[in-house]
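Enquirer: Provided herewith is a single structure, encoded as structure tokens, for subsequent inquiry.
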Amino acid sequence: MKVKAKLKKGNVSVKVLAKSPMAGKEEAEKKKIKVEFITHMTATVNDKVVWEASTGPFLSKNPYMQFVFNAEKAGAKKGDKVVIDWIDSNGKTKKGGKKIK
Amino acid sequence: MQRRKFLSLGAVAAVATVLPSSVSATDFRKEKPAAWQAEGSVEAIKALYGDIKLIEGKIKIKAPKLAENGGAVPIGMKSKIEVESVALFQDANPRSAVVVFELGDSGVFDLKTKIKMRKTANVTVIAKGKDGKFYSAVKKVEVSIGGCGG
């Protein structure tokens with residue numbers, strides 16, 4: 001997973017490049033691979049949830065996410081870590097993150 | 001769904017996941033399973049939000065007019081409205097729902113992601129405002145080579 005977080009004019013913009021085949025039922029059958037896609041992704045800063053997504057297999061392979069949150073309202077500042085968690089259709093979890101630049 | 005029932009479900013979800021409950025941590029896949037099985041956008045939106053009145057013209061969808069690679073079509077969604085959640089649908093794949101975002105207290109409605117589209121179709125964005133109203137936008141995206149979906 002690749003994460004970038006940047007504070008600019010009071011807002012933190014976050015870019016996440018996740019890693020998953022995002023293969024749903026039809027695609028898995030066609031490619032003869034197992035069904036595997038991220039089902040839920042969460043972003044937290046200082047234990048506060050700032051963004052979350054319930055996801056399905058029609059996001060691109062290795063899905064890309066970009067979102068923005070207000071630093072003051074989230075109580076976030078430069079150097080704080082944006083933590084990304086996700087869980088996939090097989091119950092497998094992954095955690096990563098990056099400090100806010 | 002009644003609001004009270006919805007709220008109690010949210011509380012259960014927040015406890016079940018170890019995440020802090022500062023935002024109503026909602027797993028829309030678990031709470032609204034029917035929405036993820038619907039084939040068309042109209043049914044999927046109805047399964048997710050019920051019968052809602054939509055306000056158009058407030059959300060901007062940024063997408064290529066012609067997507068060369070249907071496997072990763074960039075879709076941007078933006079608005080000045082303060083929103084709770086934003087859902088993205090399309091009519092190019094076996095099922096319509098793609099992703100539901102929740103922005104919490106601090107979120108700014110400025111999202112971008114990449115989706116699969118195996119043919120030319122409409123992309124629909126539905127946002128639930130903090131004012132309780134629903135906003136929508138639709139954009140047609142032409143796809144020259146289909147995505148790797150079934």
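Residue numbering restarts at 1 for every chain of the structure tokens, chains are lettered A, B, ... in their displayed order, and ligands are numbered from 1 as they appear.
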Using only C-alpha atoms, which residues sit within 12 Å of Asn90 of chain A once same-chain residues fewer than 4 positions away are excluded, as a list of chain:residue names?
Expert: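 Here the answer would be A:Ser20, A:Met22, A:Ala23, A:Gly24, A:Lys34, A:Val35, A:Glu36, A:Phe37, A:Ile38, A:Thr39, A:His40, A:Trp86, A:Lys94.
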Enquirer: Apply DSSP to the structure's backbone, then extract all residues of segment 40-93 of chain A labelled alpha helix (DSSP H) and return them as an mmCIF file with N, CA and C atoms, in the first residue's frame.
Expert:
data_model
loop_
_atom_site.group_PDB
_atom_site.id
_atom_site.type_symbol
_atom_site.label_atom_id
_atom_site.label_comp_id
_atom_site.auth_asym_id
_atom_site.auth_seq_id
_atom_site.Cartn_x
_atom_site.Cartn_y
_atom_site.Cartn_z
ATOM 1 N N ALA A 71 -8.282 19.852 8.501
ATOM 2 C CA ALA A 71 -7.321 19.508 9.556
ATOM 3 C C ALA A 71 -7.809 19.946 10.930
ATOM 4 N N GLU A 72 -8.372 21.150 11.011
ATOM 5 C CA GLU A 72 -8.804 21.675 12.306
ATOM 6 C C GLU A 72 -9.943 20.843 12.884
ATOM 7 N N LYS A 73 -10.953 20.569 12.038
ATOM 8 C CA LYS A 73 -12.107 19.783 12.503
ATOM 9 C C LYS A 73 -11.690 18.367 12.902
ATOM 10 N N ALA A 74 -10.673 17.836 12.244
ATOM 11 C CA ALA A 74 -10.233 16.475 12.550
ATOM 12 C C ALA A 74 -9.213 16.465 13.694
#
Enquirer: Give me, as a Markdown table, the closest atom pair and its distance (Å, one decimal) for every residue of chain B within a cut-off of 10 Å of chain A, counting only C-alpha atoms, rows sorted by chain and rising number.
Expert:
| residue | atom | partner | partner_atom | distance |
| --- | --- | --- | --- | --- |
| B:Leu19 | CA | A:Val49 | CA | 7.7 |
| B:Pro20 | CA | A:Lys48 | CA | 6.2 |
| B:Ser21 | CA | A:Val49 | CA | 7.7 |
| B:Ser22 | CA | A:Lys48 | CA | 6.1 |
| B:Val23 | CA | A:Val49 | CA | 5.9 |
| B:Ser24 | CA | A:Val49 | CA | 8.9 |
| B:Ala25 | CA | A:Glu52 | CA | 7.6 |
| B:Thr26 | CA | A:Ser54 | CA | 8.1 |
| B:Asp27 | CA | A:Ser54 | CA | 5.9 |
| B:Phe28 | CA | A:Ser54 | CA | 5.7 |
| B:Arg29 | CA | A:Ser54 | CA | 6.3 |
| B:Lys30 | CA | A:Ser54 | CA | 9.2 |
| B:Trp36 | CA | A:Gly56 | CA | 7.7 |
| B:Gly70 | CA | A:Ser60 | CA | 8.9 |
| B:Gly71 | CA | A:Ser60 | CA | 5.9 |
| B:Ala72 | CA | A:Ser60 | CA | 5.0 |
| B:Val73 | CA | A:Ser60 | CA | 7.7 |
| B:Pro74 | CA | A:Tyr64 | CA | 8.9 |
| B:Gly76 | CA | A:Gln66 | CA | 8.9 |
| B:Met77 | CA | A:Phe67 | CA | 9.9 |
| B:Ser85 | CA | A:Ala53 | CA | 9.3 |
| B:Val86 | CA | A:Ala53 | CA | 9.2 |
| B:Ala87 | CA | A:Ser54 | CA | 9.3 |
| B:Leu88 | CA | A:Thr55 | CA | 9.8 |
| B:Phe89 | CA | A:Phe58 | CA | 9.5 |
| B:Gln90 | CA | A:Phe58 | CA | 9.1 |
| B:Ala92 | CA | A:Phe58 | CA | 9.5 |
| B:Asn93 | CA | A:Phe58 | CA | 7.3 |
| B:Pro94 | CA | A:Glu26 | CA | 8.0 |
| B:Arg95 | CA | A:Phe58 | CA | 8.3 |
| B:Ser96 | CA | A:Phe58 | CA | 8.4 |
| B:Ala97 | CA | A:Gly56 | CA | 7.1 |
| B:Val98 | CA | A:Gly56 | CA | 5.2 |
| B:Val99 | CA | A:Thr55 | CA | 4.4 |
| B:Val100 | CA | A:Ser54 | CA | 5.1 |
| B:Phe101 | CA | A:Ala53 | CA | 4.3 |
| B:Glu102 | CA | A:Glu52 | CA | 5.2 |
| B:Leu103 | CA | A:Trp51 | CA | 4.9 |
| B:Gly104 | CA | A:Val50 | CA | 5.9 |
| B:Asp105 | CA | A:Lys73 | CA | 7.0 |
| B:Ser106 | CA | A:Lys73 | CA | 5.1 |
| B:Gly107 | CA | A:Phe69 | CA | 4.2 |
| B:Val108 | CA | A:Phe69 | CA | 5.1 |
| B:Phe109 | CA | A:Val68 | CA | 7.2 |
| B:Asp110 | CA | A:Phe67 | CA | 5.9 |
| B:Leu111 | CA | A:Phe67 | CA | 4.8 |
| B:Lys112 | CA | A:Gln66 | CA | 4.8 |
| B:Thr113 | CA | A:Met65 | CA | 4.7 |
| B:Lys114 | CA | A:Ser60 | CA | 5.5 |
| B:Ile115 | CA | A:Leu59 | CA | 4.1 |
| B:Lys116 | CA | A:Ser60 | CA | 5.1 |
| B:Met117 | CA | A:Phe58 | CA | 7.7 |
| B:Arg118 | CA | A:Phe58 | CA | 9.9 |
| B:Gly147 | CA | A:Ser60 | CA | 8.5 |
| B:Cys148 | CA | A:Glu27 | CA | 6.9 |
| B:Gly149 | CA | A:Glu27 | CA | 5.0 |
| B:Gly150 | CA | A:Glu26 | CA | 4.4 |
Enquirer: Between atom CA of Lys78 of chain B and atom CA of Lys53 of chain B, measure the distance and give it in Å to one decimal.
Expert: 20.0 Å
Enquirer: I'd like the neighbourhood of Ala67 of chain B as a PyMOL selection string, where a residue qualifies if any of its atoms comes within 8 Å (using only C-alpha atoms), though same-chain residues fewer than 4 positions away should be ignored.
Expert: chain B and resi 73+141-145
Enquirer: Please measure the separation of atom CA of Lys81 of chain A and atom CA of Lys62 of chain B, giving the value in Å to one decimal.
Expert: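 Taking atom CA of Lys81 of chain A and atom CA of Lys62 of chain B, their separation equals 29.0 Å.
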Enquirer: Give the strand (DSSP E or B) residues of chain A, as assigned by DSSP on the backbone, as a PDB file with C-alpha atoms, in the first residue's frame.
Expert:
ATOM      1  CA  LYS A   2       1.159   3.499  -0.811  1.00  0.00           C
ATOM      2  CA  VAL A   3      -0.149   6.475   1.140  1.00  0.00           C
ATOM      3  CA  LYS A   4       0.512  10.197   0.765  1.00  0.00           C
ATOM      4  CA  ALA A   5      -0.937  12.888   3.013  1.00  0.00           C
ATOM      5  CA  LYS A   6      -0.381  16.586   2.545  1.00  0.00           C
ATOM      6  CA  LEU A   7      -1.609  19.599   4.510  1.00  0.00           C
ATOM      7  CA  LYS A   8      -2.402  22.629   2.399  1.00  0.00           C
ATOM      8  CA  ASN A  11      -7.090  20.803   4.419  1.00  0.00           C
ATOM      9  CA  VAL A  12      -5.308  17.470   4.356  1.00  0.00           C
ATOM     10  CA  SER A  13      -5.488  15.630   1.053  1.00  0.00           C
ATOM     11  CA  VAL A  14      -4.765  11.932   1.147  1.00  0.00           C
ATOM     12  CA  LYS A  15      -3.923   9.602  -1.711  1.00  0.00           C
ATOM     13  CA  VAL A  16      -4.042   5.848  -1.244  1.00  0.00           C
ATOM     14  CA  LEU A  17      -2.961   3.183  -3.679  1.00  0.00           C
ATOM     15  CA  ALA A  23     -11.929  -9.667  -8.548  1.00  0.00           C
ATOM     16  CA  GLU A  36     -10.885 -11.319  -3.730  1.00  0.00           C
ATOM     17  CA  ILE A  38     -11.527  -5.028  -0.594  1.00  0.00           C
ATOM     18  CA  THR A  39     -14.872  -4.597   1.146  1.00  0.00           C
ATOM     19  CA  HIS A  40     -14.166  -1.787   3.591  1.00  0.00           C
ATOM     20  CA  MET A  41     -11.459   0.814   4.017  1.00  0.00           C
ATOM     21  CA  THR A  42     -10.996   3.296   6.850  1.00  0.00           C
ATOM     22  CA  ALA A  43      -8.731   6.282   7.434  1.00  0.00           C
ATOM     23  CA  THR A  44      -8.008   7.442  10.980  1.00  0.00           C
ATOM     24  CA  VAL A  45      -5.903  10.241  12.420  1.00  0.00           C
ATOM     25  CA  LYS A  48     -10.450   9.505  14.932  1.00  0.00           C
ATOM     26  CA  VAL A  49     -12.113   8.224  11.759  1.00  0.00           C
ATOM     27  CA  VAL A  50     -11.808  10.867   9.056  1.00  0.00           C
ATOM     28  CA  TRP A  51     -12.974   8.868   6.019  1.00  0.00           C
ATOM     29  CA  GLU A  52     -14.275   5.449   5.229  1.00  0.00           C
ATOM     30  CA  ALA A  53     -15.459   3.531   2.218  1.00  0.00           C
ATOM     31  CA  SER A  54     -17.572   0.422   1.709  1.00  0.00           C
ATOM     32  CA  THR A  55     -16.244  -0.989  -1.530  1.00  0.00           C
ATOM     33  CA  LEU A  59     -13.263  -0.479  -8.367  1.00  0.00           C
ATOM     34  CA  TYR A  64      -6.827   4.321  -6.021  1.00  0.00           C
ATOM     35  CA  MET A  65      -8.508   6.591  -3.494  1.00  0.00           C
ATOM     36  CA  GLN A  66      -8.163  10.312  -3.002  1.00  0.00           C
ATOM     37  CA  PHE A  67      -9.979  12.279  -0.315  1.00  0.00           C
ATOM     38  CA  VAL A  68      -9.756  15.535   1.626  1.00  0.00           C
ATOM     39  CA  PHE A  69     -10.515  16.441   5.224  1.00  0.00           C
ATOM     40  CA  ASN A  70     -10.353  19.620   7.258  1.00  0.00           C
ATOM     41  CA  LYS A  81      -0.090   9.846  10.997  1.00  0.00           C
ATOM     42  CA  VAL A  82      -2.951   9.017   8.653  1.00  0.00           C
ATOM     43  CA  VAL A  83      -3.609   5.330   9.252  1.00  0.00           C
ATOM     44  CA  ILE A  84      -5.335   3.279   6.558  1.00  0.00           C
ATOM     45  CA  ASP A  85      -7.003  -0.031   7.390  1.00  0.00           C
ATOM     46  CA  TRP A  86      -8.818  -2.347   5.037  1.00  0.00           C
ATOM     47  CA  ILE A  87     -10.509  -5.718   5.078  1.00  0.00           C
ATOM     48  CA  ASP A  88     -11.166  -7.880   2.032  1.00  0.00           C
ATOM     49  CA  THR A  93      -6.877  -7.202   6.889  1.00  0.00           C
ATOM     50  CA  LYS A  94      -4.118  -4.779   6.073  1.00  0.00           C
ATOM     51  CA  LYS A  95      -2.818  -1.683   7.800  1.00  0.00           C
ATOM     52  CA  GLY A  96      -0.558   1.099   6.616  1.00  0.00           C
ATOM     53  CA  GLY A  97      -0.136   4.822   6.820  1.00  0.00           C
ATOM     54  CA  LYS A  98       1.920   7.920   6.417  1.00  0.00           C
ATOM     55  CA  LYS A  99       2.702  11.069   8.349  1.00  0.00           C
TER      56      LYS A  99
END
Enquirer: What does the distance between atom CA of Ser79 of chain B and atom CA of Tyr49 of chain B come to in Å, to one decimal place?
Expert: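 Pair atom CA of Ser79 of chain B / atom CA of Tyr49 of chain B returns 19.9 Å.
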Enquirer: Rank nothing, just name the residue among A:Gly91, A:Ala18, A:Gly10, A:Ile33 nearest to Lys78 of chain A, using only C-alpha atoms.
Expert: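 Once distances to Lys78 of chain A are computed over only C-alpha atoms, the minimum belongs to A:Gly10.
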